[in-house]
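File shown: target-v4.cif (mmCIF, C-alpha atoms and all ligand atoms).
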data_my_file
#
loop_
_atom_site.label_atom_id
_atom_site.label_comp_id
_atom_site.auth_asym_id
_atom_site.auth_seq_id
_atom_site.Cartn_x
_atom_site.Cartn_y
_atom_site.Cartn_z
CA MET A 1 -85.31 29.08 -1.21
CA ARG A 2 -82.14 28.93 -3.22
CA ILE A 3 -78.44 29.56 -2.75
CA LEU A 4 -75.72 30.56 -5.15
CA THR A 5 -71.98 30.91 -4.65
CA SER A 6 -69.20 32.46 -6.70
CA GLY A 7 -65.52 33.18 -6.28
CA GLU A 8 -62.19 31.49 -6.89
CA SER A 9 -59.95 29.74 -4.39
CA HIS A 10 -57.14 32.29 -4.67
CA GLY A 11 -59.22 35.25 -5.80
CA ASP A 12 -60.12 38.25 -3.70
CA SER A 13 -63.16 36.69 -2.02
CA LEU A 14 -66.05 34.24 -2.10
CA GLN A 15 -69.55 35.57 -2.60
CA GLY A 16 -72.89 33.99 -1.74
CA ILE A 17 -76.59 34.74 -2.08
CA ILE A 18 -79.47 33.10 -0.26
CA GLU A 19 -82.96 33.91 -1.42
CA GLY A 20 -86.31 33.01 0.15
CA LEU A 21 -85.64 33.28 3.88
CA PRO A 22 -88.56 34.65 5.87
CA ALA A 23 -88.36 38.17 7.35
CA ASN A 24 -87.66 38.81 11.06
CA LEU A 25 -85.22 35.93 11.62
CA TYR A 26 -82.42 36.99 13.98
CA PHE A 27 -79.25 37.03 11.90
CA ASP A 28 -76.64 35.83 14.35
CA ILE A 29 -73.33 36.63 12.63
CA GLU A 30 -71.30 35.13 15.48
CA TYR A 31 -73.07 31.81 15.03
CA ILE A 32 -72.32 31.78 11.29
CA ASN A 33 -68.67 32.70 11.89
CA HIS A 34 -68.46 29.93 14.46
CA GLU A 35 -69.64 27.44 11.82
CA LEU A 36 -66.89 28.74 9.53
CA LYS A 37 -64.31 28.19 12.27
CA ARG A 38 -65.52 24.62 12.76
CA ARG A 39 -64.96 23.92 9.05
CA GLN A 40 -61.42 25.26 9.20
CA LYS A 41 -60.35 22.86 11.93
CA GLY A 42 -59.36 19.23 11.49
CA TYR A 43 -56.26 17.10 11.60
CA GLY A 44 -54.34 16.82 8.32
CA ARG A 45 -55.19 20.16 6.79
CA SER A 46 -52.57 22.30 5.04
CA GLU A 47 -51.06 25.60 6.20
CA ARG A 48 -53.74 27.37 4.13
CA MET A 49 -56.06 26.91 7.09
CA THR A 50 -53.68 28.87 9.30
CA ILE A 51 -53.70 31.71 6.77
CA GLU A 52 -57.47 31.96 6.30
CA LYS A 53 -59.65 33.54 9.00
CA ASP A 54 -63.07 32.93 7.52
CA GLU A 55 -65.70 35.47 8.54
CA ILE A 56 -68.68 36.83 6.68
CA ILE A 57 -69.23 40.40 5.55
CA VAL A 58 -72.92 41.17 4.99
CA LEU A 59 -73.56 43.07 1.77
CA SER A 60 -77.35 43.22 1.68
CA GLY A 61 -80.66 41.84 2.94
CA ILE A 62 -80.21 42.40 6.69
CA ASN A 63 -81.53 45.33 8.74
CA ASN A 64 -80.55 45.77 12.39
CA CYS A 65 -79.53 42.11 12.72
CA TYR A 66 -82.81 40.75 11.31
CA THR A 67 -83.66 39.32 7.91
CA THR A 68 -85.98 41.45 5.79
CA GLY A 69 -87.28 38.83 3.37
CA ASN A 70 -84.95 40.25 0.70
CA PRO A 71 -82.17 38.12 -0.82
CA ILE A 72 -79.14 38.15 1.47
CA SER A 73 -75.71 38.52 -0.05
CA ILE A 74 -72.54 37.89 1.88
CA MET A 75 -68.80 37.74 1.25
CA ILE A 76 -65.80 35.97 2.75
CA LYS A 77 -62.40 37.52 2.09
CA ASN A 78 -59.63 35.18 0.95
CA ARG A 79 -56.26 35.73 2.59
CA GLY A 80 -54.29 32.91 0.93
CA THR A 81 -53.99 34.80 -2.33
CA ASN A 82 -50.26 35.46 -2.44
CA ILE A 83 -49.23 32.27 -4.27
CA GLU A 84 -47.99 32.27 -7.82
CA LEU A 85 -50.94 31.17 -9.95
CA THR A 86 -48.98 29.10 -12.45
CA GLU A 87 -50.81 27.25 -15.20
CA ILE A 88 -51.55 23.59 -14.40
CA MET A 89 -50.05 21.64 -17.33
CA ARG A 90 -49.64 18.35 -15.44
CA PRO A 91 -53.25 17.56 -14.37
CA ARG A 92 -53.76 15.77 -11.07
CA PRO A 93 -55.57 12.43 -11.29
CA GLY A 94 -58.65 12.65 -9.09
CA HIS A 95 -59.07 16.42 -9.36
CA GLY A 96 -61.02 18.38 -11.97
CA ASP A 97 -57.90 19.66 -13.83
CA LEU A 98 -58.01 17.58 -17.02
CA GLY A 99 -61.78 17.43 -17.51
CA GLY A 100 -62.08 21.18 -16.93
CA THR A 101 -59.21 22.00 -19.31
CA LEU A 102 -60.78 19.98 -22.12
CA LYS A 103 -64.39 20.96 -21.46
CA TYR A 104 -63.79 24.72 -21.21
CA ASN A 105 -61.10 24.80 -23.93
CA GLN A 106 -58.41 26.08 -21.58
CA LYS A 107 -54.62 26.08 -21.97
CA GLY A 108 -54.27 24.23 -18.66
CA GLY A 109 -56.07 23.49 -15.41
CA ARG A 110 -55.63 26.74 -13.45
CA ASN A 111 -59.11 28.14 -13.98
CA THR A 112 -60.61 24.75 -13.16
CA LEU A 113 -58.58 24.35 -9.98
CA GLU A 114 -59.67 27.78 -8.83
CA ARG A 115 -63.35 26.87 -8.91
CA ALA A 116 -63.32 23.07 -8.44
CA SER A 117 -61.37 23.64 -5.22
CA ALA A 118 -63.21 22.99 -1.97
CA ARG A 119 -62.46 26.57 -0.96
CA GLU A 120 -65.97 27.17 -2.27
CA THR A 121 -67.35 25.07 0.58
CA ALA A 122 -66.53 27.91 3.00
CA MET A 123 -69.35 29.91 1.42
CA ARG A 124 -71.67 26.90 1.47
CA VAL A 125 -71.07 26.60 5.21
CA ALA A 126 -71.86 30.30 5.70
CA LEU A 127 -75.11 29.97 3.74
CA GLY A 128 -75.92 26.67 5.46
CA GLY A 129 -75.19 28.39 8.78
CA ILE A 130 -77.96 30.88 7.97
CA CYS A 131 -80.24 27.90 7.30
CA LYS A 132 -79.24 26.43 10.67
CA LEU A 133 -80.45 29.68 12.28
CA LEU A 134 -83.85 29.07 10.70
CA LEU A 135 -83.91 25.43 11.80
CA LYS A 136 -83.05 26.44 15.38
CA GLU A 137 -86.39 28.29 15.49
CA PHE A 138 -88.01 24.85 15.12
CA ASN A 139 -85.63 23.21 17.57
CA ILE A 140 -84.06 21.18 14.74
CA GLY A 141 -80.37 20.42 15.36
CA ILE A 142 -77.76 19.01 12.97
CA TYR A 143 -74.65 17.25 14.22
CA SER A 144 -71.83 15.18 12.76
CA HIS A 145 -68.79 13.14 13.59
CA VAL A 146 -66.09 11.16 11.82
CA VAL A 147 -66.55 7.39 11.93
CA GLN A 148 -63.60 6.22 9.80
CA ILE A 149 -60.22 7.46 8.53
CA GLY A 150 -58.60 5.03 6.11
CA ASP A 151 -58.98 1.60 7.69
CA ILE A 152 -59.41 2.93 11.26
CA LYS A 153 -63.04 2.79 12.36
CA ILE A 154 -64.72 3.89 15.56
CA SER A 155 -65.28 0.89 17.79
CA LYS A 156 -69.02 1.18 18.35
CA ASP A 157 -71.89 1.46 15.93
CA ILE A 158 -73.56 4.37 17.67
CA TYR A 159 -75.88 6.01 15.22
CA ASN A 160 -79.06 4.63 16.73
CA ASP A 161 -78.77 5.77 20.30
CA ILE A 162 -76.51 8.78 20.46
CA SER A 163 -77.56 12.00 22.22
CA LYS A 164 -77.10 15.56 21.01
CA GLU A 165 -74.82 16.23 24.01
CA GLU A 166 -72.53 13.34 23.06
CA LEU A 167 -72.45 14.40 19.42
CA LEU A 168 -71.49 17.95 20.35
CA LYS A 169 -68.32 16.54 21.90
CA SER A 170 -67.02 15.84 18.39
CA ASP A 171 -66.20 19.57 18.25
CA GLU A 172 -63.63 18.98 20.99
CA SER A 173 -61.73 16.43 18.92
CA ILE A 174 -59.35 17.55 16.19
CA VAL A 175 -60.43 14.55 14.08
CA ARG A 176 -64.11 15.07 15.12
CA VAL A 177 -64.20 11.51 16.43
CA LEU A 178 -65.98 10.49 19.63
CA ASP A 179 -63.81 7.50 20.36
CA LYS A 180 -60.55 8.54 22.10
CA GLU A 181 -58.73 5.35 21.18
CA ALA A 182 -59.68 5.66 17.53
CA GLU A 183 -58.72 9.33 17.59
CA LYS A 184 -55.13 8.50 18.46
CA LEU A 185 -54.92 5.79 15.80
CA MET A 186 -56.42 8.12 13.19
CA MET A 187 -53.93 10.87 13.97
CA ASP A 188 -51.05 8.40 13.74
CA LYS A 189 -52.43 7.18 10.44
CA ILE A 190 -52.63 10.71 9.03
CA ASN A 191 -49.06 11.45 10.22
CA ASN A 192 -47.69 8.30 8.60
CA ILE A 193 -49.53 8.88 5.34
CA LYS A 194 -48.24 12.46 5.25
CA LYS A 195 -44.66 11.23 5.72
CA GLU A 196 -45.12 8.93 2.75
CA GLY A 197 -46.29 11.84 0.57
CA ASP A 198 -49.73 10.23 0.28
CA THR A 199 -53.28 11.21 1.28
CA ILE A 200 -56.25 9.56 2.97
CA GLY A 201 -60.08 9.67 3.02
CA GLY A 202 -62.74 8.41 5.38
CA VAL A 203 -66.38 8.28 6.40
CA ILE A 204 -68.52 10.85 8.18
CA GLU A 205 -71.88 10.49 9.87
CA VAL A 206 -74.44 13.31 9.98
CA ILE A 207 -77.50 13.34 12.20
CA GLY A 208 -80.49 15.67 12.06
CA MET A 209 -82.58 15.71 15.25
CA ASN A 210 -86.15 16.71 16.02
CA ILE A 211 -87.22 16.51 12.39
CA PRO A 212 -90.99 16.76 11.87
CA VAL A 213 -92.75 14.00 9.97
CA GLY A 214 -93.72 14.99 6.43
CA LEU A 215 -90.74 16.77 4.82
CA GLY A 216 -90.20 15.73 1.20
CA SER A 217 -92.62 13.77 -0.96
CA TYR A 218 -93.02 10.58 -2.99
CA THR A 219 -95.37 12.28 -5.47
CA SER A 220 -92.59 12.97 -7.99
CA TRP A 221 -89.08 11.57 -8.25
CA ASP A 222 -87.40 14.92 -7.70
CA LYS A 223 -89.32 15.68 -4.50
CA ARG A 224 -87.96 12.75 -2.50
CA LEU A 225 -86.12 13.96 0.61
CA ASP A 226 -83.39 11.29 0.51
CA GLY A 227 -82.76 12.12 -3.16
CA LYS A 228 -82.42 15.82 -2.37
CA ILE A 229 -80.09 15.19 0.55
CA ALA A 230 -77.98 12.75 -1.51
CA TYR A 231 -77.62 15.33 -4.30
CA SER A 232 -76.51 18.03 -1.89
CA ILE A 233 -74.00 15.77 -0.15
CA MET A 234 -72.63 14.23 -3.36
CA SER A 235 -71.97 17.79 -4.56
CA ILE A 236 -69.29 18.24 -1.90
CA PRO A 237 -65.86 17.88 -3.57
CA GLY A 238 -64.40 14.46 -2.81
CA ILE A 239 -67.61 12.79 -1.57
CA LYS A 240 -68.12 9.49 -3.38
CA GLY A 241 -71.10 7.85 -1.70
CA ILE A 242 -73.89 8.23 0.83
CA GLU A 243 -76.05 5.75 2.72
CA PHE A 244 -79.08 6.40 4.91
CA GLY A 245 -79.52 4.51 8.17
CA LEU A 246 -78.46 0.91 7.72
CA GLY A 247 -77.69 1.74 4.08
CA PHE A 248 -75.59 -0.86 2.25
CA ASN A 249 -76.01 -3.26 5.16
CA THR A 250 -79.72 -3.62 4.38
CA SER A 251 -78.62 -5.96 1.58
CA ASN A 252 -77.38 -8.66 3.94
CA ARG A 253 -80.39 -8.71 6.31
CA PHE A 254 -83.94 -10.01 5.86
CA GLY A 255 -86.83 -7.54 5.78
CA SER A 256 -87.84 -8.52 9.30
CA LYS A 257 -84.45 -7.28 10.52
CA VAL A 258 -84.40 -4.09 8.50
CA HIS A 259 -87.74 -2.26 8.71
CA ASP A 260 -88.53 -0.21 11.78
CA GLU A 261 -91.73 -1.41 13.47
CA ILE A 262 -94.36 1.21 14.24
CA TYR A 263 -95.59 2.04 17.79
CA TYR A 264 -97.96 4.61 19.23
CA ASP A 265 -98.21 6.33 22.63
CA VAL A 266 -99.27 9.71 24.07
CA ASN A 267 -96.52 11.40 22.07
CA GLY A 268 -97.79 9.89 18.80
CA TYR A 269 -96.19 7.44 16.39
CA HIS A 270 -92.62 6.32 16.97
CA ARG A 271 -90.09 3.57 16.25
CA LYS A 272 -87.74 1.62 18.47
CA THR A 273 -85.13 1.29 15.73
CA ASN A 274 -84.06 3.72 13.00
CA ASN A 275 -82.61 1.55 10.24
CA ALA A 276 -84.35 3.75 7.68
CA GLY A 277 -82.33 6.76 8.79
CA GLY A 278 -85.49 8.79 9.32
CA ILE A 279 -86.85 8.70 5.75
CA GLU A 280 -89.42 6.32 4.22
CA GLY A 281 -91.03 6.81 0.83
CA GLY A 282 -89.03 9.97 0.30
CA VAL A 283 -90.71 11.55 3.36
CA SER A 284 -89.25 12.23 6.81
CA ASN A 285 -90.88 9.87 9.31
CA GLY A 286 -90.20 11.85 12.49
CA GLU A 287 -87.12 9.88 13.56
CA ASN A 288 -83.59 11.32 13.33
CA ILE A 289 -82.27 11.74 9.80
CA VAL A 290 -79.04 9.74 9.77
CA PHE A 291 -76.63 9.30 6.91
CA ARG A 292 -73.02 8.38 6.31
CA ALA A 293 -70.90 9.68 3.46
CA VAL A 294 -67.53 8.52 2.18
CA MET A 295 -64.78 10.93 1.12
CA LYS A 296 -62.06 9.74 -1.24
CA PRO A 297 -58.42 10.55 -0.47
CA ILE A 298 -57.23 14.05 -1.45
CA PRO A 299 -56.04 14.01 -5.12
CA THR A 300 -52.99 16.28 -4.72
CA LEU A 301 -50.15 13.97 -3.69
CA LYS A 302 -46.71 15.11 -2.58
CA LYS A 303 -45.45 11.90 -4.16
CA PRO A 304 -47.42 12.48 -7.36
CA LEU A 305 -49.14 10.00 -9.65
CA LYS A 306 -48.46 9.61 -13.34
CA THR A 307 -50.15 11.97 -15.72
CA ILE A 308 -49.69 13.53 -19.16
CA ASP A 309 -48.21 16.98 -19.85
CA ILE A 310 -51.04 18.76 -21.67
CA GLU A 311 -48.62 20.62 -23.96
CA THR A 312 -46.01 17.98 -24.82
CA LYS A 313 -48.12 14.83 -24.25
CA GLU A 314 -45.18 13.34 -22.41
CA GLN A 315 -45.75 10.96 -19.50
CA VAL A 316 -44.85 12.98 -16.41
CA TYR A 317 -45.80 13.26 -12.74
CA ALA A 318 -48.71 15.41 -11.61
CA GLN A 319 -48.28 18.95 -10.34
CA PHE A 320 -47.98 19.44 -6.59
CA GLU A 321 -49.09 22.54 -4.80
CA ARG A 322 -49.59 22.98 -1.06
CA SER A 323 -52.34 20.55 -0.12
CA ASP A 324 -54.33 18.92 2.65
CA VAL A 325 -53.48 15.31 3.50
CA CYS A 326 -56.92 14.63 4.99
CA ALA A 327 -60.00 16.87 5.03
CA VAL A 328 -62.62 14.43 6.29
CA PRO A 329 -63.37 16.38 9.53
CA SER A 330 -63.94 19.58 7.53
CA ALA A 331 -66.15 17.72 5.06
CA SER A 332 -68.42 16.70 7.94
CA ILE A 333 -69.10 20.37 8.71
CA VAL A 334 -69.81 21.06 5.05
CA ALA A 335 -72.22 18.10 5.04
CA GLU A 336 -74.02 19.40 8.16
CA ASN A 337 -74.58 22.72 6.46
CA MET A 338 -75.70 21.22 3.15
CA LEU A 339 -78.25 19.19 5.12
CA ALA A 340 -79.30 22.41 6.86
CA TYR A 341 -79.95 24.00 3.48
CA VAL A 342 -82.07 21.08 2.24
CA LEU A 343 -84.12 20.91 5.46
CA ALA A 344 -84.63 24.68 5.73
CA ASN A 345 -85.81 24.64 2.13
CA GLU A 346 -88.27 21.84 2.88
CA ILE A 347 -89.56 23.60 6.02
CA LYS A 348 -90.12 26.76 4.02
CA LYS A 349 -91.82 24.80 1.24
CA LYS A 350 -94.14 22.81 3.50
CA PHE A 351 -95.14 25.51 5.96
CA GLY A 352 -94.85 28.64 3.82
CA GLY A 353 -94.96 32.20 5.12
CA ASP A 354 -93.08 35.41 4.46
CA SER A 355 -92.15 36.16 8.07
CA ILE A 356 -90.74 33.88 10.74
CA GLU A 357 -93.91 34.48 12.78
CA GLU A 358 -96.13 33.21 9.94
CA LEU A 359 -93.87 30.22 9.29
CA LYS A 360 -93.86 29.24 12.97
CA SER A 361 -97.59 29.65 13.31
CA ASN A 362 -98.19 27.36 10.31
CA PHE A 363 -95.72 24.86 11.72
CA LYS A 364 -97.46 24.90 15.13
CA ASN A 365 -100.85 24.25 13.53
CA TYR A 366 -99.49 21.30 11.60
CA ILE A 367 -97.86 19.76 14.70
CA ALA A 368 -101.08 20.29 16.70
CA GLY A 369 -103.05 18.64 13.89
CA LEU A 370 -100.78 15.61 13.97
CA LYS A 371 -101.68 14.99 17.63
CA GLU A 372 -105.31 14.47 16.56
CA ARG A 373 -104.42 11.93 13.86
C1 LIG B 401 -62.78 20.66 2.95
C2 LIG B 401 -62.10 20.05 1.77
C3 LIG B 401 -60.73 20.30 1.58
C4 LIG B 401 -60.08 19.75 0.49
N1 LIG B 401 -58.73 20.00 0.32
C5 LIG B 401 -58.09 19.53 -0.76
C6 LIG B 401 -56.71 19.81 -0.99
O1 LIG B 401 -56.06 20.49 -0.19
N2 LIG B 401 -56.13 19.32 -2.09
C7 LIG B 401 -56.83 18.57 -3.00
O2 LIG B 401 -56.27 18.12 -3.98
N3 LIG B 401 -58.12 18.26 -2.80
C8 LIG B 401 -58.77 18.74 -1.72
N4 LIG B 401 -60.09 18.43 -1.51
C9 LIG B 401 -60.75 17.49 -2.42
C10 LIG B 401 -60.93 18.02 -3.80
O3 LIG B 401 -61.57 19.27 -3.80
C11 LIG B 401 -61.76 17.00 -4.61
O4 LIG B 401 -61.21 15.73 -4.49
C12 LIG B 401 -61.81 17.39 -6.06
O5 LIG B 401 -62.56 18.58 -6.20
C13 LIG B 401 -62.43 16.33 -6.95
O6 LIG B 401 -63.49 15.73 -6.29
P1 LIG B 401 -64.72 15.07 -7.02
O7 LIG B 401 -64.15 14.12 -8.02
O8 LIG B 401 -65.49 14.41 -5.94
O9 LIG B 401 -65.46 16.20 -7.64
C14 LIG B 401 -60.78 18.95 -0.42
C15 LIG B 401 -62.16 18.71 -0.22
C16 LIG B 401 -62.80 19.24 0.87
C17 LIG B 401 -64.27 18.95 1.07
C1 LIG B 402 -58.89 26.59 0.82
C2 LIG B 402 -59.52 25.54 1.28
O1 LIG B 402 -59.31 24.25 0.90
C3 LIG B 402 -58.49 24.04 -0.19
C4 LIG B 402 -59.18 22.99 -1.02
C5 LIG B 402 -58.31 22.53 -2.08
C6 LIG B 402 -58.93 21.72 -3.14
O2 LIG B 402 -58.22 21.42 -4.12
O3 LIG B 402 -60.10 21.35 -3.02
C7 LIG B 402 -56.95 22.80 -2.07
C8 LIG B 402 -56.26 23.53 -0.99
O4 LIG B 402 -56.05 24.88 -1.35
P1 LIG B 402 -54.58 25.48 -1.52
O5 LIG B 402 -54.07 24.89 -2.77
O6 LIG B 402 -54.74 26.97 -1.62
O7 LIG B 402 -53.82 25.07 -0.30
C9 LIG B 402 -57.12 23.55 0.25
O8 LIG B 402 -56.54 24.39 1.22
C10 LIG B 402 -60.57 25.66 2.28
O9 LIG B 402 -61.08 24.61 2.70
O10 LIG B 402 -60.91 26.80 2.67
#

Can I see the file as structure tokens?
Ligand SMILES: Cc1cc2nc3c(=O)[nH]c(=O)nc-3n(C[C@H](O)[C@H](O)[C@H](O)COP(=O)(O)O)c2cc1C
Ligand SMILES: C=C(O[C@@H]1CC(C(=O)O)=C[C@@H](OP(=O)(O)O)[C@H]1O)C(=O)O
Amino acid sequence: MRILTSGESHGDSLQGIIEGLPANLYFDIEYINHELKRRQKGYGRSERMTIEKDEIIVLSGINNCYTTGNPISIMIKNRGTNIELTEIMRPRPGHGDLGGTLKYNQKGGRNTLERASARETAMRVALGGICKLLLKEFNIGIYSHVVQIGDIKISKDIYNDISKEELLKSDESIVRVLDKEAEKLMMDKINNIKKEGDTIGGVIEVIGMNIPVGLGSYTSWDKRLDGKIAYSIMSIPGIKGIEFGLGFNTSNRFGSKVHDEIYYDVNGYHRKTNNAGGIEGGVSNGENIVFRAVMKPIPTLKKPLKTIDIETKEQVYAQFERSDVCAVPSASIVAENMLAYVLANEIKKKFGGDSIEELKSNFKNYIAGLKER
């Protein structure tokens, strides 16, 4: 399976293609549009999110609401196109403006901004939403929540014992946080930072549930599941790091307090802890896949940082255009859908099949075989 996106932030539309989905999968447009709505929410976003009403238009690959096995192409119309697209001569530190201008031999940063912008992540969520539809056929669910904004953290380390029902409640919070007290503090923080003309980042946690053992492989470096997930998550604009399970905290514990001991009962192998975040040796181990990712503060500051005018080489202040102050909650939805893409790809790779019926039958055989092992 593969996905491809195109389109500029303030152009007519975003376009996307997904290739390799099995035939006969119910193509639930409402579900995909709901994912798009979830990405548009979040405290600290700019007025652009009140202008955009992200919905997909299907161009090809679907017949009577079912996939055909053909590549699927979709489009999302941009509404926020009526701004003056001035050249960016005062590149913003932290954004792609300067690097893109130099690399592509441009006059300024406009063409870079248009594509480096996280507007593109709307299409990724639509394509990832299609992947979520495939995963739902296997009862695999992907959830997320925000665990930190600036220096405000949720009070409880909950990744090990949280239920799907609890996680779904993050959709009810405008910061996507499950801790009411932290929610208030985070909103205050975002308000204060906005008043100061500054921006703020944070940390998200993403959890994949009901993952079968055996996705990914250690046989070659580029087949490792954690590597593939890390790549997809690090590709989200603004994401600066990812850790699986106990992650960076494995460094300050002994092995006996890190590795998840193995047990067996009528349901097969299982663990009582999940410090590995569901992946060992580059292969899913049947526990939840759990990772956290950190997003840096938004680079466009109302009170701008120093930069150089590309034309005059004078020391000036960076350009300011309408901008988010915090987009961490939205990034968590993008991350969910990037994970969906990686997992759907792995399911397709491991179980094969050109129709959903064939894929499910192969999956069922594998799961039945595991019970005898
Ligand atoms: C959902 C989302 C919304 C964003 N909104 C803005 C924004 O309004 N202004 C901005 O300067 N950066 C915004 N960013 C972040 C930039 O796109 C990002 O920092 C930039 O592309 C450079 O990131 P990189 O160095 O990680 O590639 C947003 C990111 C995401 C994921
Ligand atoms: C448009 C989206 O995010 C945009 C991402 C973004 C950036 O620089 O990354 C800059 C802003 O765009 P604008 O300058 O038009 O206000 C955000 O609104 C979106 O998430 O759909």

(request) Tell me, in Å to one decimal, how far CA of Ala118 (chain A) is from CA of Val177 (chain A). (result)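 That distance, rounded to one decimal, is 21.7 Å.
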
(request) Please tell me which residues are no farther than 12 Å from (-55.4, 6.8, 13.6) in the file, counting only C-alpha atoms, and write them as an NGL selection string. (result) :A and (43-44 or 146-154 or 174-175 or 177 or 179-193 or 200-202 or 326)

(message) So that I can check the surroundings of Arg119 (chain A), please list as a VMD selection string every protein, DNA and RNA residue that reaches within 10 Å of it, counting only C-alpha atoms and ignoring chain neighbours fewer than 4 positions away.
(response) chain A and resid 7 to 10 14 78 114 to 115 123 to 124 237

(request) Could the residues that lie within 9 Å of ligand LIG 402 (chain B), counting all atoms listed in the file, be listed as a VMD selection string? (result) chain A and resid 9 to 10 39 to 40 45 to 49 52 54 78 80 to 81 83 95 to 96 113 to 122 237 to 238 298 to 300 321 to 324 327 330 to 331

(request) To one decimal in Å, tell me the separation between CA of Gly241 (chain A) and CA of Asn275 (chain A). (result)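 Taking CA of Gly241 (chain A) as the start and CA of Asn275 (chain A) as the end point, the length is 17.7 Å.
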
Mind working out the centre and edge lengths of an axis-aligned box for ligand LIG 401 (chain B), all listed atoms inside, 6 Å added to each side, rounded to one decimal in Å and written as AutoDock Vina command-line options?
--center_x -60.8 --center_y 17.4 --center_z -2.5 --size_x 21.4 --size_y 18.5 --size_z 23.0

(request) Could you tell me how far CA of Gly108 (chain A) lies from CA of Leu4 (chain A), in Å and to one decimal? (result) 26.1 Å

(request) Give the answer as one residue: which of A:Glu358, A:Leu301, A:Asn345, A:Lys313 has the shortest atom-to-atom distance to Lys194 (chain A), using all atoms listed in the file? (result)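 Using all atoms listed in the file, Lys194 (chain A) sits closest to A:Leu301.
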
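Neighbouring residues of Glu311 (chain A) at 9 Å or closer, counting all atoms listed in the file and skipping chain neighbours under 5 positions away, are Met89, Arg90, Lys107 and Gly108 of chain A.
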
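Distance check against ligand LIG 401 (chain B) using only C-alpha atoms and all ligand atoms: of A:Thr250, A:Asn274, A:Ser332, A:Asn111, the minimum falls on A:Ser332.
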
(request) May I ask which of the residues A:Met1, A:Gly69, A:Gly245, A:Pro297 is the closest one to ligand LIG 401 (chain B), counting only C-alpha atoms and all ligand atoms? (result)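 Closest to ligand LIG 401 (chain B) of all the choices is A:Pro297.
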
(message) Within 6 Å of (-91.8, 15.9, 3.6) (file coordinates; all atoms listed in the file), which protein or nucleic acid residues are there? I'd like them as a list in words.
(response)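 The requested residues, written out, are Gly214, Leu215, Gly216, Ser217, Val283 and Ser284 of chain A.
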
(message) Given all atoms listed in the file as the basis, pick out the residue of A:Lys306, A:Lys296, A:Arg2, A:Lys53 nearest to Glu19 (chain A).
(response)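 Looking only at the distances to Glu19 (chain A), the closest residue turns out to be A:Arg2.
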
(request) May I ask which of the residues A:Arg292, A:Tyr143, A:Gly268, A:Glu280 is the closest one to Met234 (chain A), counting only C-alpha atoms? (result)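 Answer, going by the shortest atom-to-atom distance: A:Arg292.
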
(message) Using all atoms listed in the file, can you tell me which of A:Asp198, A:Glu205, A:Asp354, A:Glu165 comes closest to Ser144 (chain A)?
(response) A:Glu205

Write out N, CA and C atoms for region 58-69 of chain A, as a compact mmCIF listing (two decimals), in the coordinates of the input.
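This is the output file selection_16.txt:
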# COMPACT_ATOMS: atom_id res chain seq x y z
N VAL A 58 -71.56 41.11 5.56
CA VAL A 58 -72.92 41.17 4.99
C VAL A 58 -73.00 42.34 4.01
N LEU A 59 -73.47 42.04 2.80
CA LEU A 59 -73.56 43.07 1.77
C LEU A 59 -74.98 43.62 1.64
N SER A 60 -75.97 42.75 1.82
CA SER A 60 -77.35 43.22 1.68
C SER A 60 -78.34 42.24 2.30
N GLY A 61 -79.56 42.72 2.52
CA GLY A 61 -80.66 41.84 2.94
C GLY A 61 -80.91 41.79 4.43
N ILE A 62 -80.05 42.43 5.23
CA ILE A 62 -80.21 42.40 6.69
C ILE A 62 -80.41 43.83 7.19
N ASN A 63 -81.34 44.00 8.14
CA ASN A 63 -81.53 45.33 8.74
C ASN A 63 -81.55 45.17 10.25
N ASN A 64 -80.62 45.83 10.92
CA ASN A 64 -80.55 45.77 12.39
C ASN A 64 -80.53 44.34 12.91
N CYS A 65 -79.72 43.51 12.30
CA CYS A 65 -79.53 42.11 12.72
C CYS A 65 -80.71 41.19 12.43
N TYR A 66 -81.69 41.63 11.66
CA TYR A 66 -82.81 40.75 11.31
C TYR A 66 -82.96 40.65 9.79
N THR A 67 -83.40 39.48 9.33
CA THR A 67 -83.66 39.32 7.91
C THR A 67 -84.86 40.18 7.53
N THR A 68 -84.91 40.56 6.27
CA THR A 68 -85.98 41.45 5.79
C THR A 68 -86.91 40.75 4.81
N GLY A 69 -86.54 39.52 4.43
CA GLY A 69 -87.28 38.83 3.37
C GLY A 69 -86.61 39.05 2.01
